[in-house]
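Working notes, beginning with the structure itself.
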Amino acid sequence: MILITGGAGYIGSHVTLKLLEESNQKIIVFDSLENGHISTVEKLKSVRDFDFVKGDLKNPNDLEVLFQNFDIDSVIHFAAYIRVEESVQNPRKYYSNNLVGTINLLNKMLDYSVKKIVFSSTAAVYGEPKYVPIDENHPKQPINPYGKTKFMVEEILDDYDKAYGLKSIRLRYFNVAGADSKNRIGESHDPETHLIPNILASAANSEKVFNLFGNDYATRDGTCVRDYVNIEDLASAHISALKYLDKENKSDCFNIGTKNGNTVKEVFGVCEKVTSKKIKIRVNPRRDGDPESLVADNTKAEKVLNWKSSMTLNDSVRTAYNWIKK
């Protein structure tokens, strides 16, 4: 049985959907529903039935009951807070949930001899890029509490491997975009901080003006460059990681991106093309801590996991727009 923490959230739900469609393994989703949605769980259950448990990683008793009642073989761990700006303003919230909550989970896994986990990490562990594209050997110098919590968990996973034989795959995502191609589930954050859904929300409301931060970067059009990986491609990466853990039984880390960067203005262009609408833009000064360019070198994932992205930025914007319209 596969335990998916945070399986009612954006990325977790798409990985759950992929597993429900492509695997006959039993699945249990564990989610506090603070940022996940019960409507998403219900939609997923219409694909194939699975167990759902409402609970919180910060409560060890919730985890004890979970592991007592279900025969768990492996874990895919998504449950985390993800807003960089909020992590700077309220680091206590992030260290309590992302770090302490994950330690609770790992310790309970050891109590019940569960020794395989795929961990949802982030390109934020690298901090300000020293070179682009970024490979897995790039220095890890996170610059905000969100990135620090993910980096600390990666360090803990190394220690738990050495001491207890707990094997982990760390997937460091770049910018995730898009929705289910069949329009069953999609992205729904409150507040929404991701670029593409915010641009599309501006397209849906002719009165809304989108704020662009910085047009004086040393890039091809002056705006920041980011690597946008499609959510369905990302879900496939988790399936590949789980298969690799089952087969090789060894820990590793992988960048999950496309090797291709798009500027903010280019993303606007794709959004306007997909929506057939002109989007109003207000140019603002740069924000502190926004790196000029973040692009993944995903060669290692291609070679070792036999994974590569197949969907385009246009695909991601199209599916995201279909979801927003629905």
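Each chain of the structure tokens is named A, B, ... in the order shown, its residues numbered from 1; ligands are numbered from 1 in display order.
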Residues at most 12 Å from Asp221 of chain A, counting only C-alpha atoms, excluding those fewer than 3 positions away in the same chain, as JSON, numbers by chain?
{"A": [214, 215, 216, 217, 218, 224, 225, 262, 263, 264, 265, 266, 267, 292]}
Can you pull out the residues contacting Leu110 of chain A? Cut-off 12 Å, using only C-alpha atoms, and skip same-chain residues under 2 positions away; I want them as a PyMOL selection string.
chain A and resi 64+67+72-75+103-108+112-117+160-161+163-167
Could you go through segment 93-224 of chain A and tell me which residues DSSP, when run on the backbone, assigns to strand (DSSP E), listing them as a PyMOL selection string?
chain A and resi 116-122+167-173+175-177+209-213
Would you mind exporting the chosen residues as a short mmCIF file (atom, residue, chain, number, x, y, z; two decimals), in the first residue's frame, restricted to C-alpha atoms?
```
data_model
loop_
_atom_site.label_atom_id
_atom_site.label_comp_id
_atom_site.auth_asym_id
_atom_site.auth_seq_id
_atom_site.Cartn_x
_atom_site.Cartn_y
_atom_site.Cartn_z
CA LYS A 116 10.92 3.84 1.15
CA ILE A 117 9.89 7.45 0.57
CA VAL A 118 9.66 9.80 -2.44
CA PHE A 119 10.07 13.34 -1.13
CA SER A 120 8.64 16.46 -2.74
CA SER A 121 11.61 18.84 -2.70
CA THR A 122 12.25 22.04 -4.64
CA LYS A 167 15.80 4.93 1.27
CA SER A 168 14.57 8.13 -0.35
CA ILE A 169 14.25 9.80 -3.72
CA ARG A 170 14.28 13.59 -3.55
CA LEU A 171 12.60 15.28 -6.52
CA ARG A 172 13.57 18.93 -6.84
CA TYR A 173 10.82 20.61 -8.84
CA ASN A 175 8.01 25.70 -11.72
CA VAL A 176 4.97 23.42 -11.97
CA ALA A 177 2.09 24.34 -14.27
CA VAL A 209 -4.36 44.29 -14.22
CA PHE A 210 -1.49 41.87 -13.79
CA ASN A 211 1.54 43.11 -11.89
CA LEU A 212 4.85 42.27 -13.55
CA PHE A 213 7.88 42.66 -11.27
#
```
For Ser293 of chain A, work out the shell of residues within 8 Å, counting only C-alpha atoms and skipping chain neighbours fewer than 2 positions away, then give it as a PyMOL selection string.
chain A and resi 129+132+224-226+261+291+295
Based on the selection just made, write N, CA and C atoms of those residues as a compact mmCIF listing (two decimals), in the first residue's frame.
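New file result-v7.txt:
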```txt
# COMPACT_ATOMS: atom_id res chain seq x y z
N PRO A 129 21.19 31.08 -8.13
CA PRO A 129 21.99 30.21 -8.99
C PRO A 129 23.38 30.76 -9.27
N VAL A 132 23.64 28.37 -14.75
CA VAL A 132 22.39 27.88 -15.34
C VAL A 132 22.72 27.17 -16.64
N CYS A 224 12.25 37.93 -15.92
CA CYS A 224 12.84 36.71 -15.33
C CYS A 224 12.57 35.48 -16.19
N VAL A 225 13.52 34.54 -16.17
CA VAL A 225 13.38 33.27 -16.88
C VAL A 225 13.11 32.16 -15.86
N ARG A 226 12.11 31.33 -16.15
CA ARG A 226 11.78 30.20 -15.29
C ARG A 226 11.53 28.95 -16.14
N GLY A 261 13.95 27.42 -20.51
CA GLY A 261 13.40 28.51 -19.72
C GLY A 261 12.53 29.42 -20.57
N PRO A 291 15.55 35.54 -8.42
CA PRO A 291 16.71 35.29 -9.29
C PRO A 291 16.38 35.59 -10.75
N VAL A 295 16.67 27.55 -14.37
CA VAL A 295 16.40 26.52 -15.38
C VAL A 295 17.08 25.22 -14.94
```
Between A:Lys26, A:Lys43, A:Lys250, A:His37, single out the one closest to Arg184 of chain A, counting only C-alpha atoms.
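For Arg184 of chain A, the nearest of the given residues is A:Lys43.
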Please return as a PyMOL selection string: the residues of segment 35-263 of chain A that backbone DSSP assigns to helix (DSSP H, G or I).
chain A and resi 38-45+60-69+84-89+91-111+123-125+145-164+195-204+231-248
One decimal, Å: what's the distance from atom CA of Asn314 of chain A over to atom CA of Cys271 of chain A, could you say?
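So the two atoms, atom CA of Asn314 of chain A and atom CA of Cys271 of chain A, lie 8.1 Å apart.
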